[in-house]
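Peer 1: I am attaching a structure below and will ask some questions about it afterwards.
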Amino acid sequence: MIERFQKGPRMSQAVKAGNMIFLAGQVPDDFEADLETQTRQVLAKIDGLLAAAGANKSHIVSATVYLAHITDFNGMNAVYDRWIDPENPPARACVEARLAHPGIRVEIVCVAALPQ
């Protein structure tokens with residue numbers, strides 16, 4: 001069975017397929033905010049989507065972080081490290097990328113597995 005969350009005409013923000021949850025790239029709401037605020041906004045969106053699908057951050061198996069400027073790596077990590085479940089950290093990649101809007105400094109994509 002496939003279940004879609006926050007469906008739009010182009011994409012869903014999350015899709016549950018079997019025991020897996022695939023999140024679309026999550027971006028901040030405030031494109032004028034500083035990096036730390038943007039990172040917190042993105043992580044809050046991830047928390048909400050995972051909860052709607054029946055999971056939480058401890059169920060994330062893979063995360064990809066996109067930064068507009070790789071020099072933001074340490075600032076993003078300062079927020080991310082306080083958020084992530086240290087007992088269940090996912091596999092993760094972090095890359096510099098040109099993002100969809102010049103005000104977006106961070107975007108995160110996740111895949112999670114539903115609890116057994």
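Identifiers in this document derive from the order of the structure tokens: chains are assigned A, B, ..., residues are numbered from 1 separately in each chain, and ligands are numbered from 1 in order of occurrence.
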For the contact check between region 5-64 of chain A and region 87-105 of chain A, emit one row per residue of region 5-64 of chain A within 6 Å, containing the shortest atom pair and the distance in Å rounded to one decimal, counting only C-alpha atoms, chain then rising number order, as CSV.

Peer 2:
residue,atom,partner,partner_atom,distance
A:Phe31,CA,A:Gly103,CA,4.6
A:Ser58,CA,A:Asn88,CA,5.4
A:Ile60,CA,A:Pro90,CA,5.7
A:Val61,CA,A:Pro90,CA,4.6
A:Ser62,CA,A:Ala91,CA,4.7
A:Ala63,CA,A:Arg92,CA,4.7
A:Thr64,CA,A:Ala93,CA,4.8

Peer 1: Check the DSSP output for the backbone and give back, as a PyMOL selection string, the residues of region 44-100 of chain A in strand (DSSP E).

Peer 2: chain A and resi 60-67+91-96

Peer 1: Keeping only N, CA and C atoms, write those residues as a PDB file, in the first residue's frame.

Peer 2:
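What landed in result20.pdb:
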ATOM      1  N   ILE A  60      14.914   7.375  11.038  1.00  0.00           N
ATOM      2  CA  ILE A  60      15.552   7.824   9.795  1.00  0.00           C
ATOM      3  C   ILE A  60      16.742   6.909   9.508  1.00  0.00           C
ATOM      4  N   VAL A  61      16.787   6.373   8.299  1.00  0.00           N
ATOM      5  CA  VAL A  61      17.896   5.503   7.913  1.00  0.00           C
ATOM      6  C   VAL A  61      18.904   6.222   7.024  1.00  0.00           C
ATOM      7  N   SER A  62      18.444   7.280   6.348  1.00  0.00           N
ATOM      8  CA  SER A  62      19.329   8.010   5.446  1.00  0.00           C
ATOM      9  C   SER A  62      18.887   9.463   5.362  1.00  0.00           C
ATOM     10  N   ALA A  63      19.851  10.369   5.371  1.00  0.00           N
ATOM     11  CA  ALA A  63      19.565  11.798   5.217  1.00  0.00           C
ATOM     12  C   ALA A  63      20.591  12.393   4.261  1.00  0.00           C
ATOM     13  N   THR A  64      20.117  13.284   3.405  1.00  0.00           N
ATOM     14  CA  THR A  64      21.005  14.050   2.541  1.00  0.00           C
ATOM     15  C   THR A  64      20.744  15.519   2.815  1.00  0.00           C
ATOM     16  N   VAL A  65      21.798  16.230   3.179  1.00  0.00           N
ATOM     17  CA  VAL A  65      21.720  17.649   3.491  1.00  0.00           C
ATOM     18  C   VAL A  65      22.326  18.419   2.327  1.00  0.00           C
ATOM     19  N   TYR A  66      21.575  19.386   1.830  1.00  0.00           N
ATOM     20  CA  TYR A  66      22.065  20.268   0.770  1.00  0.00           C
ATOM     21  C   TYR A  66      22.259  21.656   1.366  1.00  0.00           C
ATOM     22  N   LEU A  67      23.445  22.198   1.208  1.00  0.00           N
ATOM     23  CA  LEU A  67      23.750  23.543   1.688  1.00  0.00           C
ATOM     24  C   LEU A  67      24.049  24.449   0.507  1.00  0.00           C
ATOM     25  N   ALA A  91      22.576   7.155   8.202  1.00  0.00           N
ATOM     26  CA  ALA A  91      23.632   7.409   7.224  1.00  0.00           C
ATOM     27  C   ALA A  91      23.350   8.809   6.696  1.00  0.00           C
ATOM     28  N   ARG A  92      24.405   9.572   6.376  1.00  0.00           N
ATOM     29  CA  ARG A  92      24.169  10.945   5.949  1.00  0.00           C
ATOM     30  C   ARG A  92      25.221  11.410   4.964  1.00  0.00           C
ATOM     31  N   ALA A  93      24.782  12.225   4.033  1.00  0.00           N
ATOM     32  CA  ALA A  93      25.681  12.918   3.119  1.00  0.00           C
ATOM     33  C   ALA A  93      25.352  14.400   3.212  1.00  0.00           C
ATOM     34  N   CYS A  94      26.338  15.232   2.962  1.00  0.00           N
ATOM     35  CA  CYS A  94      26.131  16.676   2.958  1.00  0.00           C
ATOM     36  C   CYS A  94      26.899  17.244   1.773  1.00  0.00           C
ATOM     37  N   VAL A  95      26.188  17.987   0.926  1.00  0.00           N
ATOM     38  CA  VAL A  95      26.810  18.539  -0.274  1.00  0.00           C
ATOM     39  C   VAL A  95      26.421  19.999  -0.455  1.00  0.00           C
ATOM     40  N   GLU A  96      27.259  20.717  -1.152  1.00  0.00           N
ATOM     41  CA  GLU A  96      26.939  22.084  -1.555  1.00  0.00           C
ATOM     42  C   GLU A  96      26.173  22.019  -2.868  1.00  0.00           C
TER      43      GLU A  96
END

Peer 1: Quick one: everything within 10 Å of Ala14 (chain A), counting only C-alpha atoms, minus sequence neighbours fewer than 5 positions away in the same chain. Send it as JSON, numbers by chain.

Peer 2: {"A": [3, 4, 5, 6, 7, 21, 22, 23, 24, 25, 26, 46, 49, 50, 52, 53, 110, 111]}

Peer 1: Give me, please, the distance in Å between CA of Ile2 (chain A) and CA of Lys16 (chain A), quoted to one decimal.

Peer 2: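 Going from CA of Ile2 (chain A) over to CA of Lys16 (chain A) covers 5.6 Å.
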
Peer 1: One decimal, Å: what's the distance from CA of Phe73 (chain A) over to CA of Asp85 (chain A), could you say?

Peer 2: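 Interatomic distance here is 18.9 Å.
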
Peer 1: Step one, run DSSP on the backbone; step two, keep only residues of chain A assigned to alpha helix (DSSP H); then write them as a VMD selection string.

Peer 2: chain A and resid 35 to 53 73 to 83

Peer 1: Rounded to one decimal in Å, what is the spacing between CA of Lys57 (chain A) and CA of Met20 (chain A)?

Peer 2: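 Interatomic distance, CA of Lys57 (chain A) to CA of Met20 (chain A): 13.2 Å.
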
Peer 1: Which residue out of A:Glu36, A:Glu107, A:Asp29, A:Asp47 has the minimum interatomic distance to Ala78 (chain A) when only C-alpha atoms are used?

Peer 2: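 Between A:Glu36, A:Glu107, A:Asp29, A:Asp47, the residue approaching Ala78 (chain A) most closely is A:Glu36.
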
Peer 1: For a quick check of understanding, using only C-alpha atoms, which of A:Asn77, A:Thr39, A:Asn19, A:Asn56 has the smallest distance to Gln116 (chain A)?

Peer 2: A:Asn19

Peer 1: From the list A:Pro9, A:Pro115, A:Pro28, A:Pro86, which residue is nearest Gln41 (chain A) when using only C-alpha atoms?

Peer 2: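 The closest residue to Gln41 (chain A) is A:Pro28.
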
Peer 1: Compare A:Gly54, A:Gly8, A:Gly18, A:Gly75 by their minimum atom-to-atom distance to Val106 (chain A), counting only C-alpha atoms, and give me the closest one.

Peer 2: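 Looking at the shortest contact to Val106 (chain A), the residue is A:Gly75.
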
Peer 1: Of the residues A:Ala55, A:Val27, A:Ala113, A:Leu43, which is the one nearest to Ala68 (chain A), using only C-alpha atoms?

Peer 2: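 Checking each candidate against Ala68 (chain A), we get A:Val27 as the closest.
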